[in-house]
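J.: One file: query-v4.pdb (PDB, C-alpha atoms (C1' of nucleotides)).
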```
ATOM      1  CA  MET A   1      10.640 -83.959   3.415
ATOM      2  CA  PRO A   2       9.034 -84.227   0.043
ATOM      3  CA  GLU A   3       8.342 -87.897  -0.488
ATOM      4  CA  LEU A   4       5.892 -89.606  -2.831
ATOM      5  CA  PRO A   5       2.673 -87.991  -1.512
ATOM      6  CA  GLU A   6       4.197 -84.505  -1.605
ATOM      7  CA  ALA A   7       5.636 -85.014  -5.103
ATOM      8  CA  GLU A   8       2.291 -86.404  -6.268
ATOM      9  CA  THR A   9       0.401 -83.412  -4.833
ATOM     10  CA  ILE A  10       2.737 -81.041  -6.662
ATOM     11  CA  ARG A  11       2.427 -83.100  -9.850
ATOM     12  CA  ARG A  12      -1.358 -82.895  -9.835
ATOM     13  CA  GLN A  13      -1.367 -79.155  -9.230
ATOM     14  CA  LEU A  14       1.281 -78.417 -11.846
ATOM     15  CA  SER A  15      -0.529 -80.615 -14.288
ATOM     16  CA  SER A  16      -3.582 -78.358 -14.136
ATOM     17  CA  GLU A  17      -1.540 -75.140 -14.049
ATOM     18  CA  ILE A  18       1.257 -75.410 -16.614
ATOM     19  CA  MET A  19       0.120 -77.981 -19.155
ATOM     20  CA  GLY A  20       0.514 -76.534 -22.650
ATOM     21  CA  ARG A  21       2.626 -73.602 -21.436
ATOM     22  CA  ARG A  22       5.758 -72.694 -23.363
ATOM     23  CA  ILE A  23       9.038 -72.002 -21.569
ATOM     24  CA  THR A  24      10.207 -68.526 -22.561
ATOM     25  CA  GLY A  25      13.055 -68.120 -20.094
ATOM     26  CA  VAL A  26      15.436 -70.224 -18.002
ATOM     27  CA  GLN A  27      17.322 -68.761 -15.042
ATOM     28  CA  VAL A  28      19.815 -70.812 -13.054
ATOM     29  CA  LEU A  29      20.712 -68.973  -9.844
ATOM     30  CA  ARG A  30      22.850 -71.705  -8.315
ATOM     31  CA  ALA A  31      25.106 -73.887 -10.454
ATOM     32  CA  SER A  32      24.993 -76.913  -8.143
ATOM     33  CA  THR A  33      21.227 -77.197  -8.698
ATOM     34  CA  ILE A  34      21.969 -78.453 -12.214
ATOM     35  CA  ARG A  35      24.968 -80.495 -11.073
ATOM     36  CA  ARG A  36      24.275 -83.206 -13.632
ATOM     37  CA  HIS A  37      25.066 -80.720 -16.401
ATOM     38  CA  ARG A  38      28.448 -79.287 -17.332
ATOM     39  CA  ARG A  39      27.127 -75.883 -18.326
ATOM     40  CA  ALA A  40      23.997 -73.870 -17.602
ATOM     41  CA  GLU A  41      23.714 -73.084 -21.331
ATOM     42  CA  GLU A  42      23.434 -76.782 -22.120
ATOM     43  CA  PHE A  43      20.631 -77.155 -19.552
ATOM     44  CA  ALA A  44      18.804 -74.028 -20.746
ATOM     45  CA  GLY A  45      19.117 -75.122 -24.366
ATOM     46  CA  LEU A  46      17.178 -78.293 -23.603
ATOM     47  CA  LEU A  47      14.255 -76.305 -22.117
ATOM     48  CA  MET A  48      14.080 -72.999 -23.956
ATOM     49  CA  GLY A  49      11.064 -72.560 -26.247
ATOM     50  CA  ARG A  50       9.621 -75.960 -25.449
ATOM     51  CA  THR A  51       6.079 -76.751 -24.355
ATOM     52  CA  VAL A  52       4.940 -78.665 -21.285
ATOM     53  CA  GLN A  53       3.126 -81.734 -22.595
ATOM     54  CA  ALA A  54       2.878 -83.770 -19.411
ATOM     55  CA  VAL A  55       3.652 -83.534 -15.720
ATOM     56  CA  GLY A  56       4.571 -86.887 -14.226
ATOM     57  CA  ARG A  57       6.197 -88.408 -11.203
ATOM     58  CA  ARG A  58       8.545 -91.284 -10.469
ATOM     59  CA  GLY A  59       9.141 -92.007  -6.804
ATOM     60  CA  LYS A  60       9.915 -88.679  -5.166
ATOM     61  CA  ALA A  61      10.863 -87.024  -8.471
ATOM     62  CA  VAL A  62       8.562 -84.652 -10.331
ATOM     63  CA  VAL A  63       8.990 -85.069 -14.078
ATOM     64  CA  LEU A  64       8.160 -82.457 -16.713
ATOM     65  CA  GLY A  65       7.543 -83.923 -20.149
ATOM     66  CA  LEU A  66       8.407 -81.333 -22.798
ATOM     67  CA  ASP A  67       8.470 -81.815 -26.569
ATOM     68  CA  GLY A  68      11.764 -83.643 -27.006
ATOM     69  CA  THR A  69      13.039 -83.113 -23.458
ATOM     70  CA  THR A  70      12.371 -84.677 -20.066
ATOM     71  CA  VAL A  71      13.073 -82.580 -16.978
ATOM     72  CA  VAL A  72      13.601 -84.485 -13.735
ATOM     73  CA  VAL A  73      13.210 -82.500 -10.507
ATOM     74  CA  HIS A  74      14.586 -84.108  -7.338
ATOM     75  CA  LEU A  75      13.254 -82.094  -4.424
ATOM     76  CA  GLY A  76      15.840 -83.384  -1.968
ATOM     77  CA  MET A  77      15.039 -82.410   1.596
ATOM     78  CA  THR A  78      13.738 -78.894   1.257
ATOM     79  CA  GLY A  79      12.939 -78.491  -2.431
ATOM     80  CA  GLN A  80       9.797 -76.623  -3.462
ATOM     81  CA  LEU A  81       8.202 -76.226  -6.889
ATOM     82  CA  VAL A  82       5.991 -73.160  -6.769
ATOM     83  CA  ILE A  83       3.982 -71.233  -9.349
ATOM     84  CA  ALA A  84       4.132 -67.444  -9.000
ATOM     85  CA  PRO A  85       3.596 -64.308 -11.092
ATOM     86  CA  ALA A  86       6.787 -63.181 -12.873
ATOM     87  CA  GLY A  87       6.964 -59.867 -11.016
ATOM     88  CA  GLU A  88       7.002 -61.322  -7.526
ATOM     89  CA  PRO A  89      10.201 -60.824  -5.431
ATOM     90  CA  LEU A  90      12.288 -63.981  -5.217
ATOM     91  CA  ASP A  91      12.712 -65.990  -2.025
ATOM     92  CA  ARG A  92      16.407 -65.942  -1.119
ATOM     93  CA  HIS A  93      16.595 -69.716  -1.528
ATOM     94  CA  THR A  94      15.361 -69.662  -5.110
ATOM     95  CA  ARG A  95      17.823 -71.788  -7.093
ATOM     96  CA  LEU A  96      16.263 -71.807 -10.540
ATOM     97  CA  TYR A  97      13.157 -70.608 -12.319
ATOM     98  CA  LEU A  98      11.391 -71.024 -15.635
ATOM     99  CA  ASP A  99       9.447 -68.183 -17.241
ATOM    100  CA  LEU A 100       6.227 -69.333 -18.864
ATOM    101  CA  ASP A 101       4.370 -67.781 -21.791
ATOM    102  CA  ASP A 102       1.404 -66.813 -19.588
ATOM    103  CA  GLY A 103       3.426 -64.388 -17.469
ATOM    104  CA  ARG A 104       3.990 -66.787 -14.601
ATOM    105  CA  ARG A 105       7.053 -68.546 -13.266
ATOM    106  CA  LEU A 106       7.798 -72.043 -12.080
ATOM    107  CA  LEU A 107      10.224 -71.539  -9.191
ATOM    108  CA  PHE A 108      12.551 -74.128  -7.704
ATOM    109  CA  ILE A 109      13.298 -73.053  -4.123
ATOM    110  CA  ASP A 110      15.615 -75.193  -2.004
ATOM    111  CA  GLN A 111      17.029 -74.091   1.342
ATOM    112  CA  ARG A 112      19.414 -76.982   1.992
ATOM    113  CA  THR A 113      20.392 -77.466  -1.640
ATOM    114  CA  PHE A 114      20.119 -81.258  -1.641
ATOM    115  CA  GLY A 115      17.705 -81.051  -4.553
ATOM    116  CA  ASP A 116      18.618 -80.896  -8.205
ATOM    117  CA  VAL A 117      17.096 -80.447 -11.643
ATOM    118  CA  ALA A 118      18.266 -82.348 -14.709
ATOM    119  CA  ALA A 119      17.195 -82.261 -18.367
ATOM    120  CA  TYR A 120      17.547 -85.102 -20.847
ATOM    121  CA  PRO A 121      17.090 -85.037 -24.651
ATOM    122  CA  GLU A 122      14.797 -88.041 -24.392
ATOM    123  CA  THR A 123      11.067 -88.567 -23.884
ATOM    124  CA  ASP A 124      11.145 -92.263 -23.020
ATOM    125  CA  TRP A 125      11.564 -92.445 -19.225
ATOM    126  CA  ARG A 126      12.872 -95.987 -19.415
ATOM    127  CA  ARG A 127      15.963 -94.652 -21.167
ATOM    128  CA  ILE A 128      16.700 -92.048 -18.511
ATOM    129  CA  PRO A 129      19.144 -93.707 -16.082
ATOM    130  CA  ASP A 130      18.076 -91.307 -13.375
ATOM    131  CA  LEU A 131      14.563 -92.789 -13.409
ATOM    132  CA  ALA A 132      15.214 -96.302 -14.651
ATOM    133  CA  ARG A 133      17.116 -97.330 -11.531
ATOM    134  CA  TYR A 134      14.073 -96.905  -9.281
ATOM    135  CA  GLY A 135      12.165 -99.853  -7.906
ATOM    136  CA  PRO A 136       8.405-100.304  -8.463
ATOM    137  CA  GLU A 137       5.896 -97.580  -7.691
ATOM    138  CA  PRO A 138       4.303 -98.557  -4.364
ATOM    139  CA  LEU A 139       0.784 -97.714  -5.550
ATOM    140  CA  ARG A 140       1.071 -99.886  -8.667
ATOM    141  CA  PRO A 141       0.154-103.574  -8.783
ATOM    142  CA  ALA A 142       3.850-104.407  -9.303
ATOM    143  CA  PHE A 143       4.398-103.627  -5.626
ATOM    144  CA  SER A 144       2.718-106.723  -4.310
ATOM    145  CA  LEU A 145       2.953-109.631  -1.921
ATOM    146  CA  ALA A 146       4.574-111.611  -4.741
ATOM    147  CA  TYR A 147       7.248-108.923  -5.147
ATOM    148  CA  LEU A 148       8.059-108.940  -1.425
ATOM    149  CA  ARG A 149       8.116-112.720  -1.360
ATOM    150  CA  GLN A 150      10.628-112.625  -4.181
ATOM    151  CA  THR A 151      12.899-109.841  -2.883
ATOM    152  CA  LEU A 152      12.815-109.762   0.924
ATOM    153  CA  PRO A 153      14.451-113.129   1.615
ATOM    154  CA  ARG A 154      17.682-111.669   0.164
ATOM    155  CA  ARG A 155      17.527-108.575   2.362
ATOM    156  CA  ARG A 156      19.138-108.828   5.804
ATOM    157  CA  ALA A 157      18.841-105.086   6.495
ATOM    158  CA  LYS A 158      16.255-103.561   8.795
ATOM    159  CA  ILE A 159      12.819-103.265   7.255
ATOM    160  CA  GLN A 160      12.889 -99.462   7.640
ATOM    161  CA  ALA A 161      16.133 -99.213   5.684
ATOM    162  CA  VAL A 162      14.728-101.452   2.962
ATOM    163  CA  LEU A 163      11.534 -99.365   2.728
ATOM    164  CA  MET A 164      13.671 -96.271   2.175
ATOM    165  CA  ASP A 165      15.852 -97.999  -0.429
ATOM    166  CA  GLN A 166      14.684 -96.416  -3.691
ATOM    167  CA  HIS A 167      15.820 -99.504  -5.625
ATOM    168  CA  PHE A 168      13.467-101.667  -3.607
ATOM    169  CA  VAL A 169      10.442 -99.372  -3.840
ATOM    170  CA  ALA A 170      10.313 -95.780  -5.102
ATOM    171  CA  GLY A 171       9.157 -92.759  -3.132
ATOM    172  CA  ILE A 172       9.328 -93.677   0.556
ATOM    173  CA  GLY A 173      11.444 -91.591   2.955
ATOM    174  CA  LYS A 174      11.643 -91.147   6.713
ATOM    175  CA  ILE A 175       8.116 -89.904   7.378
ATOM    176  CA  TYR A 176       6.316 -92.633   5.488
ATOM    177  CA  ALA A 177       8.743 -95.384   6.503
ATOM    178  CA  ASP A 178       7.760 -94.614  10.109
ATOM    179  CA  GLU A 179       4.057 -94.382   9.274
ATOM    180  CA  ILE A 180       4.014 -97.541   7.155
ATOM    181  CA  SER A 181       5.879 -99.563   9.806
ATOM    182  CA  TYR A 182       3.364 -98.345  12.380
ATOM    183  CA  ALA A 183       0.365 -99.192  10.206
ATOM    184  CA  ALA A 184       1.794-102.645   9.496
ATOM    185  CA  GLY A 185       2.500-103.251  13.202
ATOM    186  CA  LEU A 186       6.152-103.985  12.455
ATOM    187  CA  HIS A 187       9.060-102.973  14.697
ATOM    188  CA  PRO A 188      11.382-100.772  12.586
ATOM    189  CA  ASP A 189      14.367-102.895  13.680
ATOM    190  CA  ARG A 190      12.981-106.087  12.203
ATOM    191  CA  ARG A 191      15.234-107.673   9.601
ATOM    192  CA  ALA A 192      13.475-107.741   6.237
ATOM    193  CA  ASN A 193      14.202-111.432   5.709
ATOM    194  CA  THR A 194      12.440-112.407   8.942
ATOM    195  CA  LEU A 195       8.965-111.258   7.869
ATOM    196  CA  SER A 196       6.260-113.895   7.728
ATOM    197  CA  GLU A 197       3.833-114.182   4.843
ATOM    198  CA  ALA A 198       1.156-112.421   6.917
ATOM    199  CA  GLU A 199       3.558-109.621   7.833
ATOM    200  CA  MET A 200       4.547-109.096   4.214
ATOM    201  CA  ARG A 201       0.878-108.860   3.297
ATOM    202  CA  ARG A 202       0.321-106.298   6.059
ATOM    203  CA  LEU A 203       3.316-104.305   4.857
ATOM    204  CA  VAL A 204       2.058-104.085   1.266
ATOM    205  CA  ARG A 205      -1.413-103.035   2.400
ATOM    206  CA  ALA A 206      -0.037-100.533   4.930
ATOM    207  CA  ALA A 207       2.238 -98.913   2.335
ATOM    208  CA  LYS A 208      -0.563 -98.446  -0.154
ATOM    209  CA  SER A 209      -3.124 -97.166   2.317
ATOM    210  CA  VAL A 210      -0.766 -94.766   4.136
ATOM    211  CA  LEU A 211       0.478 -93.266   0.863
ATOM    212  CA  ARG A 212      -3.048 -92.963  -0.572
ATOM    213  CA  ARG A 213      -4.300 -91.227   2.558
ATOM    214  CA  ALA A 214      -1.313 -88.878   2.597
ATOM    215  CA  ILE A 215      -1.948 -87.910  -1.032
ATOM    216  CA  HIS A 216      -5.624 -87.371  -0.224
ATOM    217  CA  HIS A 217      -4.575 -84.910   2.503
ATOM    218  CA  GLY A 218      -2.073 -83.065   0.308
ATOM    219  CA  GLY A 219       1.098 -84.467   1.884
ATOM    220  CA  THR A 220       2.874 -83.736   5.173
ATOM    221  CA  SER A 221       4.170 -80.352   6.354
ATOM    222  CA  ALA A 222       5.610 -81.390   9.742
ATOM    223  CA  ALA A 223       7.157 -79.204  12.470
ATOM    224  CA  ASP A 224      10.397 -78.101  10.805
ATOM    225  CA  GLU A 225       9.357 -79.150   7.321
ATOM    226  CA  LYS A 226       9.808 -76.895   4.404
ATOM    227  CA  TYR A 227       7.257 -78.716   2.299
ATOM    228  CA  VAL A 228       4.658 -76.606   0.545
ATOM    229  CA  ASP A 229       2.618 -77.475  -2.528
ATOM    230  CA  ALA A 230       2.739 -75.725  -5.929
ATOM    231  CA  TYR A 231       0.582 -72.886  -4.558
ATOM    232  CA  GLY A 232       2.823 -72.396  -1.516
ATOM    233  CA  ASN A 233       0.324 -74.001   0.878
ATOM    234  CA  ASN A 234       0.997 -76.561   3.598
ATOM    235  CA  GLY A 235      -0.221 -80.134   3.403
ATOM    236  CA  GLY A 236      -2.646 -81.605   5.936
ATOM    237  CA  PHE A 237      -1.331 -85.067   6.745
ATOM    238  CA  GLN A 238       0.863 -83.894   9.655
ATOM    239  CA  LEU A 239      -2.351 -83.819  11.722
ATOM    240  CA  LEU A 240      -2.857 -87.519  11.059
ATOM    241  CA  LEU A 241       0.659 -88.817  11.760
ATOM    242  CA  ASN A 242       0.749 -91.777  14.134
ATOM    243  CA  ALA A 243       4.490 -92.148  14.699
ATOM    244  CA  TYR A 244       6.734 -89.656  12.908
ATOM    245  CA  GLN A 245       7.906 -86.853  15.231
ATOM    246  CA  ARG A 246       5.527 -87.982  17.964
ATOM    247  CA  THR A 247       8.235 -89.014  20.466
ATOM    248  CA  GLY A 248       6.727 -89.243  23.971
ATOM    249  CA  GLU A 249       3.177 -88.621  22.774
ATOM    250  CA  PRO A 250       0.626 -91.383  23.379
ATOM    251  CA  CYS A 251       0.102 -94.010  20.704
ATOM    252  CA  ARG A 252      -3.310 -93.376  19.154
ATOM    253  CA  ARG A 253      -4.070 -97.102  19.369
ATOM    254  CA  CYS A 254      -2.838 -98.159  22.832
ATOM    255  CA  GLY A 255      -1.775 -94.991  24.649
ATOM    256  CA  GLU A 256       1.823 -96.098  25.158
ATOM    257  CA  PRO A 257       4.323 -93.254  24.525
ATOM    258  CA  ILE A 258       5.846 -93.284  21.051
ATOM    259  CA  ALA A 259       9.571 -94.101  21.220
ATOM    260  CA  ARG A 260      12.474 -93.003  19.079
ATOM    261  CA  ILE A 261      15.508 -95.162  18.373
ATOM    262  CA  PRO A 262      18.642 -94.627  16.267
ATOM    263  CA  MET A 263      18.272 -96.108  12.821
ATOM    264  CA  ASN A 264      21.086 -96.114  10.266
ATOM    265  CA  GLY A 265      22.158 -92.605  11.211
ATOM    266  CA  ARG A 266      18.566 -91.370  11.399
ATOM    267  CA  GLY A 267      15.847 -91.768  13.986
ATOM    268  CA  ALA A 268      12.878 -94.136  13.813
ATOM    269  CA  HIS A 269       9.634 -93.415  15.683
ATOM    270  CA  TYR A 270       7.440 -96.317  16.719
ATOM    271  CA  CYS A 271       5.086 -97.697  19.327
ATOM    272  CA  PRO A 272       6.918-100.271  21.508
ATOM    273  CA  CYS A 273       3.602-101.907  22.297
ATOM    274  CA  CYS A 274       1.919-102.124  18.866
ATOM    275  CA  GLN A 275       4.966-102.817  16.696
ATOM    276  CA  ARG A 276       6.677-106.191  17.009
TER     277      ARG A 276
ATOM    278  C1'  DA B   1      24.964-107.758  -4.643
ATOM    279  C1'  DG B   2      23.777-106.054  -0.355
ATOM    280  C1'  DT B   3      24.924-103.230   3.631
ATOM    281  C1'  DT B   4      26.820 -99.597   6.318
ATOM    282  C1'  DG B   5      28.512 -95.159   7.486
ATOM    283  C1'  DG B   6      30.234 -90.649   6.218
ATOM    284  C1'  DA B   7      29.727 -86.419   3.575
ATOM    285  C1'  DC B   8      27.127 -82.862   1.785
ATOM    286  C1'  DC B   9      24.039 -78.517   3.310
ATOM    287  C1'  DT B  10      21.570 -74.731   6.077
ATOM    288  C1'  DG B  11      18.722 -73.000   9.754
ATOM    289  C1'  DA B  12      16.887 -73.836  14.243
ATOM    290  C1'  DC B  13      17.860 -75.063  18.539
ATOM    291  C1'  DT B  14      20.762 -76.225  22.918
ATOM    292  C1'  DG B  15      24.121 -75.413  26.366
ATOM    293  C1'  DC B  16      27.853 -73.088  28.389
TER     294       DC B  16
ATOM    295  C1'  DT C   1      24.837 -61.947  24.365
ATOM    296  C1'  DG C   2      27.493 -64.925  21.677
ATOM    297  C1'  DC C   3      29.189 -68.784  19.808
ATOM    298  C1'  DA C   4      30.291 -73.642  19.185
ATOM    299  C1'  DG C   5      28.054 -77.842  18.761
ATOM    300  C1'  DT C   6      24.109 -80.782  17.412
ATOM    301  C1'  DC C   7      20.321 -82.241  14.759
ATOM    302  C1'  DA C   8      17.338 -83.019  10.640
ATOM    303  C1'  DG C   9      17.383 -86.383   6.201
ATOM    304  C1'  DG C  10      17.729 -87.542   0.505
ATOM    305  C1'  DT C  11      21.240 -89.226  -2.098
ATOM    306  C1'  DC C  12      25.726 -90.440  -3.495
ATOM    307  C1'  DC C  13      30.003 -92.731  -2.673
ATOM    308  C1'  DA C  14      33.498 -95.611  -0.678
ATOM    309  C1'  DA C  15      34.547 -99.632   1.799
ATOM    310  C1'  DC C  16      33.549-104.085   3.461
TER     311       DC C  16
END
```
Before we go any further, please render this structure as structure tokens.
T.:
Amino acid sequence: MPELPEAETIRRQLSSEIMGRRITGVQVLRASTIRRHRRAEEFAGLLMGRTVQAVGRRGKAVVLGLDGTTVVVHLGMTGQLVIAPAGEPLDRHTRLYLDLDDGRRLLFIDQRTFGDVAAYPETDWRRIPDLARYGPEPLRPAFSLAYLRQTLPRRRAKIQAVLMDQHFVAGIGKIYADEISYAAGLHPDRRANTLSEAEMRRLVRAAKSVLRRAIHHGGTSAADEKYVDAYGNNGGFQLLLNAYQRTGEPCRRCGEPIARIPMNGRGAHYCPCCQR
DNA sequence: AGTTGGACCTGACTGC
DNA sequence: TGCAGTCAGGTCCAAC
């Protein structure tokens, strides 16, 4: 699943590859990919002829800053943003692509079609509802012990559910919720409002360090993951996972088998011995 | 306002 | 061999 580290890896690569490029063509191959727009022509009109001035990220979303337009790419579960030469045959799950003025294409490929691409005639992110509703970036100072102290007492939900709530903090999904809970030594079932001061501090530190390490390793391409970076390559963090998809394998800290429990319609992986 | 569960979607896998 | 059923999870929506 593309989460913050995967989106950030793609952002960095795209930033060095397509900055300054002009969009010379817009092809929408599946209408539901631009579901926030009424018509494909409206979407294309906002991109056509414009130049990429910045490549950003907010939570799990990759954001293209054009002159006068902001393009928000939600990768969903299986979304990929890949650079390829214009002549290359298309993957059958290609949903949309942009032709660039250097003869290359930016392809949006998405097997399960949960992803979407939206364009807004606005360059100020704070005025794009899509982005404004997100909680703080976990790697920014705003995501702090003080923030948890202020918000968690009101949250009765399980800490894993709160970590994945994009309004609480942006960019964390299943993989990193499992990894962060593990690193913080917190049982995924713990109610958010029962965390002690020390546990909140551990949670903030764990979130930042897990996400930084995952970015450093180019994100996670786990067993049945479709994640690839902008060059079509796998990430490397799957080799360093401690909990996610390690059911039955020994905990790297204590040797106890990693367990998996139902969690709000999903599964949570954790070490019954190290996480309390 | 916060919380929960269902729906969406497709390919891989399981079991009969 | 074939086919129905299950699972995976990001996000939205309805209901409490």
J.: Which residues are close to region 190-203 of chain A, i.e. within 12 Å by all atoms listed in the file, leaving aside same-chain residues fewer than 2 positions away? Reply as number ranges by chain.
T.: A: 138, 143-163, 168, 177-188, 205-210, 263, 275-276
J.: May I have a table of the residues of chain C lying at most 8 Å from chain A, giving each one's closest pair of atoms and their distance in Å to one decimal, counting all atoms listed in the file, ordered by chain and ascending residue number, as CSV?
T.:
```
residue,atom,partner,partner_atom,distance
C:DG9,C1',A:Met77,CA,6.5
C:DG10,C1',A:Gly76,CA,5.2
C:DT11,C1',A:Gly76,CA,8.0
```
J.: Please, which residues are within 8 Å of (-3.0, -80.1, -25.2) by the file's coordinates, counting only C-alpha atoms (C1' of nucleotides), and could they come as a list in words?
T.: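 The requested residues, written out, are Met19, Gly20 and Gln53 of chain A.
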J.: Using all atoms listed in the file, select each residue of chain B with any atom at most 10 Å away from an atom of chain A, and give the selection as a list in words.
T.: DA1, DG2, DT3, DT4, DG5, DG6, DC8, DC9, DT10, DG11 and DA12 of chain B
J.: Give the padded box for region 249-261 of chain A as AutoDock Vina command-line options: axis-aligned, covering all atoms listed in the file, 8 Å on each side, centre and edge lengths in Å to one decimal.
T.:
```
--center_x 5.7 --center_y -93.4 --center_z 21.8 --size_x 35.6 --size_y 25.5 --size_z 22.8
```
J.: Could you state the separation of CA of Tyr270 (chain A) and CA of His167 (chain A) in Å, given to one decimal place?
T.: 24.1 Å
J.: Have a look at CA of Val73 (chain A) and CA of Ile172 (chain A) and let me know their distance in Å, one decimal.
T.: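 Distance between the two atoms: 16.2 Å.
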J.: What does the distance between CA of Asn242 (chain A) and CA of His217 (chain A) come to in Å, to one decimal place?
T.: 14.5 Å
J.: Would you mind completing region 155-162 of chain A to all heavy atoms and writing the output as an mmCIF file, in the coordinates of the input?
T.:
```
data_model
loop_
_atom_site.group_PDB
_atom_site.id
_atom_site.type_symbol
_atom_site.label_atom_id
_atom_site.label_comp_id
_atom_site.auth_asym_id
_atom_site.auth_seq_id
_atom_site.Cartn_x
_atom_site.Cartn_y
_atom_site.Cartn_z
ATOM 1 N N ARG A 155 17.179 -109.816 1.662
ATOM 2 C CA ARG A 155 17.527 -108.575 2.362
ATOM 3 C C ARG A 155 17.646 -108.804 3.861
ATOM 4 O O ARG A 155 16.660 -109.084 4.529
ATOM 5 C CB ARG A 155 16.462 -107.495 2.068
ATOM 6 C CG ARG A 155 16.187 -107.271 0.577
ATOM 7 C CD ARG A 155 17.386 -106.731 -0.165
ATOM 8 N NE ARG A 155 17.826 -105.451 0.328
ATOM 9 C CZ ARG A 155 17.567 -104.276 -0.264
ATOM 10 N NH1 ARG A 155 16.855 -104.231 -1.366
ATOM 11 N NH2 ARG A 155 18.026 -103.152 0.247
ATOM 12 N N ARG A 156 18.896 -108.648 4.372
ATOM 13 C CA ARG A 156 19.138 -108.828 5.804
ATOM 14 C C ARG A 156 19.000 -107.517 6.577
ATOM 15 O O ARG A 156 19.018 -107.496 7.788
ATOM 16 C CB ARG A 156 20.550 -109.386 6.020
ATOM 17 C CG ARG A 156 20.761 -110.785 5.485
ATOM 18 C CD ARG A 156 22.211 -111.240 5.688
ATOM 19 N NE ARG A 156 23.161 -110.440 4.905
ATOM 20 C CZ ARG A 156 23.988 -109.532 5.405
ATOM 21 N NH1 ARG A 156 24.007 -109.311 6.693
ATOM 22 N NH2 ARG A 156 24.803 -108.852 4.625
ATOM 23 N N ALA A 157 18.887 -106.405 5.842
ATOM 24 C CA ALA A 157 18.841 -105.086 6.495
ATOM 25 C C ALA A 157 17.518 -104.893 7.228
ATOM 26 O O ALA A 157 16.569 -105.654 7.048
ATOM 27 C CB ALA A 157 19.023 -103.989 5.455
ATOM 28 N N LYS A 158 17.482 -103.865 8.072
ATOM 29 C CA LYS A 158 16.255 -103.561 8.795
ATOM 30 C C LYS A 158 15.163 -103.140 7.821
ATOM 31 O O LYS A 158 15.430 -102.495 6.815
ATOM 32 C CB LYS A 158 16.535 -102.443 9.810
ATOM 33 C CG LYS A 158 17.510 -102.871 10.894
ATOM 34 C CD LYS A 158 17.974 -101.710 11.753
ATOM 35 C CE LYS A 158 18.995 -102.212 12.784
ATOM 36 N NZ LYS A 158 19.593 -101.116 13.562
ATOM 37 N N ILE A 159 13.937 -103.505 8.162
ATOM 38 C CA ILE A 159 12.819 -103.265 7.255
ATOM 39 C C ILE A 159 12.665 -101.779 6.912
ATOM 40 O O ILE A 159 12.328 -101.410 5.795
ATOM 41 C CB ILE A 159 11.505 -103.857 7.823
ATOM 42 C CG1 ILE A 159 10.398 -103.812 6.771
ATOM 43 C CG2 ILE A 159 11.076 -103.172 9.112
ATOM 44 C CD1 ILE A 159 10.698 -104.593 5.513
ATOM 45 N N GLN A 160 12.973 -100.901 7.891
ATOM 46 C CA GLN A 160 12.889 -99.462 7.640
ATOM 47 C C GLN A 160 13.887 -99.018 6.579
ATOM 48 O O GLN A 160 13.574 -98.198 5.728
ATOM 49 C CB GLN A 160 13.182 -98.701 8.934
ATOM 50 C CG GLN A 160 11.976 -98.574 9.824
ATOM 51 C CD GLN A 160 11.511 -97.138 9.931
ATOM 52 O OE1 GLN A 160 12.321 -96.222 9.937
ATOM 53 N NE2 GLN A 160 10.227 -96.945 9.998
ATOM 54 N N ALA A 161 15.096 -99.569 6.658
ATOM 55 C CA ALA A 161 16.133 -99.213 5.684
ATOM 56 C C ALA A 161 15.728 -99.704 4.299
ATOM 57 O O ALA A 161 15.935 -99.018 3.303
ATOM 58 C CB ALA A 161 17.474 -99.806 6.100
ATOM 59 N N VAL A 162 15.143 -100.895 4.244
ATOM 60 C CA VAL A 162 14.728 -101.452 2.962
ATOM 61 C C VAL A 162 13.581 -100.626 2.365
ATOM 62 O O VAL A 162 13.557 -100.345 1.167
ATOM 63 C CB VAL A 162 14.328 -102.942 3.114
ATOM 64 C CG1 VAL A 162 13.775 -103.496 1.813
ATOM 65 C CG2 VAL A 162 15.530 -103.763 3.574
#
```
